Amino acid sequence: MTASGEIIAGVLAPHPPHLIYAENPPQNEPRAECGWEGLRWGYKRLRRNLARREKPDVIIVHSPHWKTTMGTHFLGVEHFAGLSVDPIFPNLFRFHYDLNIDVALSRAICSEASEAGLVTKMMTNPNFRVDYGTIIACHLVRPEWDIPIVAISSNRAYYDFSNEVGEAQMLALGAATARAVERSGKKAWLLASNSLSHRHFTKEPTLPEDMSHEHTYHHGQYLWDMQVLELMEQGRTQELLDIMPDFIEQSISECKEGSLTWLLGALGIPSYPAEIHAYGSVIGTGNAVVEWDPVLAGGAA
Ligand SMILES: [Fe+2]
């Protein structure tokens, strides 16, 4: 391909297994009555929005639950199938996955990131078990599983060094992702598979989908999430990045895995408004479904 590729949508696509459980897709073994409708309807609105635009060639997802100790890894095998079980909620998520990888683009992003000075590696074990953060975000955004994916791991930079080091690496990884997409000639959706505030309850109700038990963990967490979402909605992304290290610390945010900052870096630190499709609690954590449409960067919509 010689045409210039582009990112045609960026999505904050959180991955609580509860949402898959409540959706009852055929791939998941447990069955639910209902639950977490606000977030699930938000995903539905997102899917409707995305369906109005052109279909992408690839979905690129950065997941908090593929944790790699040394550097950033990329799935490097054409096809994976197996059973993914959430280690915390095996009662909610036992999902039979069957997915295809765009290995050429994975390699291209891996090389770009490596040239930018990041530690990278292709993961070529055909028996690798794909993590639930990747699977859930992809399923909720595109349940048809008809688009190949690129899956990117989260490394330990935030933990082994500092939030600031992690942030710098993720912005560099995002920029490398954008360059590789452009050179590939492909149209891509990018998914950051993480929650916002992440304090959660440690006891589950007898009936997991009993919504009389669901609420935000703490008002301070809620205030942080609202601050972050307001900045997204107003296109004040650089200000969001400026407060990200404090947000991560004070709300125990899952942004500490780097997915959201990778996405913002790939989108060029957008100054156009994001669309918030939903916000809701899952076992007390704050989750938002948020969409960036890069067309808005040119003022065309
Ligand atoms: Fe998670």
# chains A, B, ... in the order shown; residues from 1 in each chain; ligands from 1

$ residues_around --residues "A:Ala175" --least-positions-apart "5" --cutoff "8 Å" --atoms "only C-alpha atoms" --output "list in words"
Gly265, Ala266, Leu267 and Gly268 of chain A

$ write_last_selection --atoms "N, CA and C atoms" --output "short mmCIF file (atom, residue, chain, number, x, y, z; two decimals), in the first residue's frame"
data_model
loop_
_atom_site.label_atom_id
_atom_site.label_comp_id
_atom_site.auth_asym_id
_atom_site.auth_seq_id
_atom_site.Cartn_x
_atom_site.Cartn_y
_atom_site.Cartn_z
N GLY A 265 -1.08 10.23 23.01
CA GLY A 265 0.14 10.47 22.24
C GLY A 265 -0.06 10.13 20.76
N ALA A 266 -0.74 9.02 20.50
CA ALA A 266 -0.98 8.61 19.11
C ALA A 266 -1.89 9.60 18.39
N LEU A 267 -2.80 10.20 19.13
CA LEU A 267 -3.73 11.17 18.54
C LEU A 267 -3.11 12.57 18.44
N GLY A 268 -1.85 12.69 18.84
CA GLY A 268 -1.17 13.98 18.75
C GLY A 268 -1.59 14.96 19.84
#

$ select_by_dssp --residues "stretch 146-282 of chain A" --states "helix (DSSP H, G or I)" --output "short mmCIF file (atom, residue, chain, number, x, y, z; two decimals) with C-alpha atoms, in the first residue's frame"
data_model
loop_
_atom_site.label_atom_id
_atom_site.label_comp_id
_atom_site.auth_asym_id
_atom_site.auth_seq_id
_atom_site.Cartn_x
_atom_site.Cartn_y
_atom_site.Cartn_z
CA ALA A 157 8.03 1.90 33.71
CA TYR A 158 5.46 3.63 35.96
CA TYR A 159 6.21 1.15 38.75
CA ASP A 160 9.96 0.63 38.38
CA ASN A 163 4.74 8.02 36.71
CA GLU A 164 6.65 10.70 34.79
CA VAL A 165 8.97 8.14 33.15
CA GLY A 166 5.99 5.95 32.28
CA GLU A 167 4.14 8.91 30.78
CA ALA A 168 7.11 9.90 28.62
CA GLN A 169 7.47 6.34 27.34
CA MET A 170 3.77 6.06 26.52
CA LEU A 171 3.73 9.37 24.62
CA ALA A 172 6.72 8.14 22.61
CA LEU A 173 4.99 4.79 22.00
CA GLY A 174 1.85 6.62 20.87
CA ALA A 175 3.78 8.78 18.43
CA ALA A 176 5.57 5.67 17.09
CA THR A 177 2.19 3.96 16.66
CA ALA A 178 0.86 6.92 14.67
CA ARG A 179 3.92 6.97 12.41
CA ALA A 180 3.66 3.23 11.73
CA VAL A 181 -0.06 3.50 10.95
CA GLU A 182 0.60 6.36 8.55
CA ARG A 183 3.29 4.41 6.70
CA SER A 184 1.14 1.27 6.58
CA MET A 211 -27.34 -2.96 41.00
CA SER A 212 -28.55 -1.93 44.46
CA HIS A 213 -24.94 -2.63 45.54
CA HIS A 219 -16.64 10.94 46.39
CA GLY A 220 -13.01 12.04 46.01
CA GLN A 221 -12.56 9.42 43.30
CA TYR A 222 -15.67 10.69 41.57
CA LEU A 223 -14.42 14.28 41.66
CA TRP A 224 -11.14 13.21 40.06
CA ASP A 225 -12.96 11.35 37.29
CA MET A 226 -15.21 14.33 36.59
CA GLN A 227 -12.17 16.63 36.37
CA VAL A 228 -10.46 14.28 33.90
CA LEU A 229 -13.61 13.89 31.78
CA GLU A 230 -14.21 17.64 31.68
CA LEU A 231 -10.69 18.17 30.30
CA MET A 232 -11.29 15.49 27.64
CA GLU A 233 -14.63 16.98 26.66
CA THR A 237 -5.63 17.19 26.72
CA GLN A 238 -2.27 18.75 27.55
CA GLU A 239 -3.73 19.90 30.88
CA LEU A 240 -4.95 16.34 31.43
CA LEU A 241 -1.44 15.04 30.82
CA ASP A 242 -0.07 17.67 33.20
CA ILE A 243 -2.19 16.33 36.06
CA MET A 244 -2.00 12.66 35.08
CA PRO A 245 0.76 11.72 37.58
CA ASP A 246 -1.32 13.15 40.45
CA PHE A 247 -4.53 11.60 39.12
CA ILE A 248 -2.83 8.22 38.98
CA GLU A 249 -1.59 8.47 42.55
CA GLN A 250 -4.67 9.95 44.18
CA GLU A 254 -5.63 2.27 36.00
CA CYS A 255 -4.09 4.99 33.79
CA LYS A 256 -0.92 3.83 35.57
CA GLU A 257 -0.74 1.06 32.98
CA SER A 259 -3.07 2.86 27.87
CA LEU A 260 -4.77 6.28 27.90
CA THR A 261 -1.54 8.25 27.58
CA TRP A 262 -0.43 6.00 24.69
CA LEU A 263 -3.74 6.83 22.98
CA LEU A 264 -3.42 10.58 23.57
CA GLY A 265 0.14 10.47 22.24
CA ALA A 266 -0.98 8.61 19.11
#

$ residues_near_ligand --ligand "ligand 1" --cutoff "7 Å" --atoms "only C-alpha atoms and all ligand atoms" --output "list in words"
His15, Pro16, Pro64, His65, Gly133, Asn194, Ser195 and Glu254 of chain A

$ residues_around --residues "A:Ala22" --least-positions-apart "2" --cutoff "8 Å" --atoms "only C-alpha atoms" --output "VMD selection string"
chain A and resid 18 to 20 24 31 to 36 209

$ residues_around --residues "A:Leu105" --least-positions-apart "3" --cutoff "9 Å" --atoms "only C-alpha atoms" --output "VMD selection string"
chain A and resid 58 101 to 102 108 to 110 150 180 to 181 184 186

$ write_last_selection --atoms "N, CA and C atoms" --output "compact mmCIF listing (two decimals), in the first residue's frame"
# COMPACT_ATOMS: atom_id res chain seq x y z
N VAL A 58 -7.86 -2.23 10.75
CA VAL A 58 -7.22 -2.82 11.93
C VAL A 58 -7.68 -2.09 13.19
N ILE A 101 -4.53 -11.46 14.12
CA ILE A 101 -3.58 -10.38 14.38
C ILE A 101 -3.04 -9.82 13.06
N ASP A 102 -2.93 -8.52 12.96
CA ASP A 102 -2.23 -7.88 11.83
C ASP A 102 -0.74 -7.86 12.19
N ALA A 108 5.68 -3.39 12.41
CA ALA A 108 6.02 -2.02 12.02
C ALA A 108 6.00 -1.08 13.24
N ILE A 109 5.00 -1.24 14.10
CA ILE A 109 4.94 -0.39 15.30
C ILE A 109 6.09 -0.74 16.23
N CYS A 110 6.36 -2.03 16.35
CA CYS A 110 7.48 -2.49 17.18
C CYS A 110 8.79 -1.85 16.72
N VAL A 150 -4.12 -5.39 16.52
CA VAL A 150 -2.74 -5.32 17.02
C VAL A 150 -2.86 -5.17 18.52
N ALA A 180 3.76 4.54 12.39
CA ALA A 180 3.66 3.23 11.73
C ALA A 180 2.32 3.08 11.00
N VAL A 181 1.25 3.57 11.61
CA VAL A 181 -0.06 3.50 10.95
C VAL A 181 -0.03 4.31 9.66
N SER A 184 1.77 2.53 6.99
CA SER A 184 1.14 1.27 6.58
C SER A 184 0.09 1.46 5.50
N LYS A 186 -2.92 1.99 6.23
CA LYS A 186 -4.15 1.40 6.77
C LYS A 186 -4.94 2.40 7.62

$ closest_atom_pairs --of "stretch 3-51 of chain A" --to "stretch 288-295 of chain A" --cutoff "10 Å" --atoms "only C-alpha atoms" --output "Markdown table"
| residue | atom | partner | partner_atom | distance |
| --- | --- | --- | --- | --- |
| A:Glu6 | CA | A:Pro294 | CA | 9.3 |
| A:Ile7 | CA | A:Pro294 | CA | 7.3 |
| A:Ile8 | CA | A:Pro294 | CA | 6.2 |
| A:Ala9 | CA | A:Asp293 | CA | 5.2 |
| A:Gly10 | CA | A:Trp292 | CA | 4.9 |
| A:Val11 | CA | A:Glu291 | CA | 4.6 |
| A:Leu12 | CA | A:Val290 | CA | 5.0 |
| A:Ala13 | CA | A:Val289 | CA | 5.5 |
| A:Pro14 | CA | A:Val289 | CA | 6.9 |
| A:Leu39 | CA | A:Val289 | CA | 7.2 |
| A:Arg40 | CA | A:Val289 | CA | 9.2 |
| A:Trp41 | CA | A:Val289 | CA | 9.9 |
| A:Gly42 | CA | A:Val289 | CA | 6.4 |
| A:Tyr43 | CA | A:Val289 | CA | 6.6 |
| A:Arg45 | CA | A:Val289 | CA | 9.6 |
| A:Leu46 | CA | A:Glu291 | CA | 7.3 |
| A:Asn49 | CA | A:Glu291 | CA | 9.3 |
| A:Leu50 | CA | A:Glu291 | CA | 9.3 |

$ decode --residues "stretch 43-104 of chain A" --atoms "C-alpha atoms" --output "PDB file, in the first residue's frame"
ATOM      1  CA  TYR A  43     -20.761   1.255  24.215  1.00  0.00           C
ATOM      2  CA  LYS A  44     -23.805   0.762  22.016  1.00  0.00           C
ATOM      3  CA  ARG A  45     -23.875   4.480  21.158  1.00  0.00           C
ATOM      4  CA  LEU A  46     -20.155   4.339  20.406  1.00  0.00           C
ATOM      5  CA  ARG A  47     -20.631   1.364  18.070  1.00  0.00           C
ATOM      6  CA  ARG A  48     -23.453   3.189  16.278  1.00  0.00           C
ATOM      7  CA  ASN A  49     -21.231   6.259  15.844  1.00  0.00           C
ATOM      8  CA  LEU A  50     -18.352   4.201  14.511  1.00  0.00           C
ATOM      9  CA  ALA A  51     -20.601   2.272  12.126  1.00  0.00           C
ATOM     10  CA  ARG A  52     -21.556   5.527  10.412  1.00  0.00           C
ATOM     11  CA  ARG A  53     -17.950   6.014   9.334  1.00  0.00           C
ATOM     12  CA  GLU A  54     -15.676   3.859   7.171  1.00  0.00           C
ATOM     13  CA  LYS A  55     -14.717   0.416   8.417  1.00  0.00           C
ATOM     14  CA  PRO A  56     -11.107   0.265   9.599  1.00  0.00           C
ATOM     15  CA  ASP A  57      -8.494  -2.220   8.408  1.00  0.00           C
ATOM     16  CA  VAL A  58      -7.218  -2.825  11.930  1.00  0.00           C
ATOM     17  CA  ILE A  59      -7.985  -2.259  15.616  1.00  0.00           C
ATOM     18  CA  ILE A  60      -4.969  -1.432  17.802  1.00  0.00           C
ATOM     19  CA  VAL A  61      -5.424  -1.992  21.534  1.00  0.00           C
ATOM     20  CA  HIS A  62      -3.162  -1.206  24.483  1.00  0.00           C
ATOM     21  CA  SER A  63      -4.084  -3.364  27.472  1.00  0.00           C
ATOM     22  CA  PRO A  64      -3.349  -3.006  31.197  1.00  0.00           C
ATOM     23  CA  HIS A  65      -3.619  -6.776  31.664  1.00  0.00           C
ATOM     24  CA  TRP A  66      -0.896  -7.928  29.361  1.00  0.00           C
ATOM     25  CA  LYS A  67       1.870  -6.969  31.748  1.00  0.00           C
ATOM     26  CA  THR A  68       5.448  -7.223  30.535  1.00  0.00           C
ATOM     27  CA  THR A  69       8.359  -6.622  32.871  1.00  0.00           C
ATOM     28  CA  MET A  70      10.908  -5.518  30.304  1.00  0.00           C
ATOM     29  CA  GLY A  71       9.637  -3.118  27.671  1.00  0.00           C
ATOM     30  CA  THR A  72       6.625  -3.138  25.375  1.00  0.00           C
ATOM     31  CA  HIS A  73       5.614  -6.349  23.609  1.00  0.00           C
ATOM     32  CA  PHE A  74       3.399  -6.951  20.569  1.00  0.00           C
ATOM     33  CA  LEU A  75       1.425 -10.069  19.623  1.00  0.00           C
ATOM     34  CA  GLY A  76       3.260 -11.554  16.667  1.00  0.00           C
ATOM     35  CA  VAL A  77       1.263 -14.632  15.611  1.00  0.00           C
ATOM     36  CA  GLU A  78      -1.442 -14.509  12.925  1.00  0.00           C
ATOM     37  CA  HIS A  79      -4.176 -16.276  14.902  1.00  0.00           C
ATOM     38  CA  PHE A  80      -4.995 -17.024  18.529  1.00  0.00           C
ATOM     39  CA  ALA A  81      -7.830 -19.095  19.974  1.00  0.00           C
ATOM     40  CA  GLY A  82      -8.457 -20.288  23.501  1.00  0.00           C
ATOM     41  CA  LEU A  83     -10.250 -19.733  26.777  1.00  0.00           C
ATOM     42  CA  SER A  84      -9.611 -16.511  28.709  1.00  0.00           C
ATOM     43  CA  VAL A  85     -10.565 -16.587  32.393  1.00  0.00           C
ATOM     44  CA  ASP A  86     -10.493 -13.476  34.557  1.00  0.00           C
ATOM     45  CA  PRO A  87      -8.316 -14.378  37.558  1.00  0.00           C
ATOM     46  CA  ILE A  88     -10.351 -12.184  39.941  1.00  0.00           C
ATOM     47  CA  PHE A  89     -13.798 -12.861  38.485  1.00  0.00           C
ATOM     48  CA  PRO A  90     -13.789 -16.400  37.058  1.00  0.00           C
ATOM     49  CA  ASN A  91     -17.507 -16.448  37.926  1.00  0.00           C
ATOM     50  CA  LEU A  92     -18.104 -13.643  35.393  1.00  0.00           C
ATOM     51  CA  PHE A  93     -15.628 -14.126  32.584  1.00  0.00           C
ATOM     52  CA  ARG A  94     -14.746 -17.416  30.905  1.00  0.00           C
ATOM     53  CA  PHE A  95     -14.549 -16.314  27.297  1.00  0.00           C
ATOM     54  CA  HIS A  96     -13.771 -18.460  24.249  1.00  0.00           C
ATOM     55  CA  TYR A  97     -11.811 -16.189  21.965  1.00  0.00           C
ATOM     56  CA  ASP A  98     -10.800 -16.601  18.347  1.00  0.00           C
ATOM     57  CA  LEU A  99      -8.976 -13.642  16.859  1.00  0.00           C
ATOM     58  CA  ASN A 100      -6.654 -12.573  14.068  1.00  0.00           C
ATOM     59  CA  ILE A 101      -3.577 -10.376  14.380  1.00  0.00           C
ATOM     60  CA  ASP A 102      -2.226  -7.885  11.833  1.00  0.00           C
ATOM     61  CA  VAL A 103       1.336  -9.100  12.318  1.00  0.00           C
ATOM     62  CA  ALA A 104       2.802  -6.810   9.636  1.00  0.00           C
TER      63      ALA A 104
END
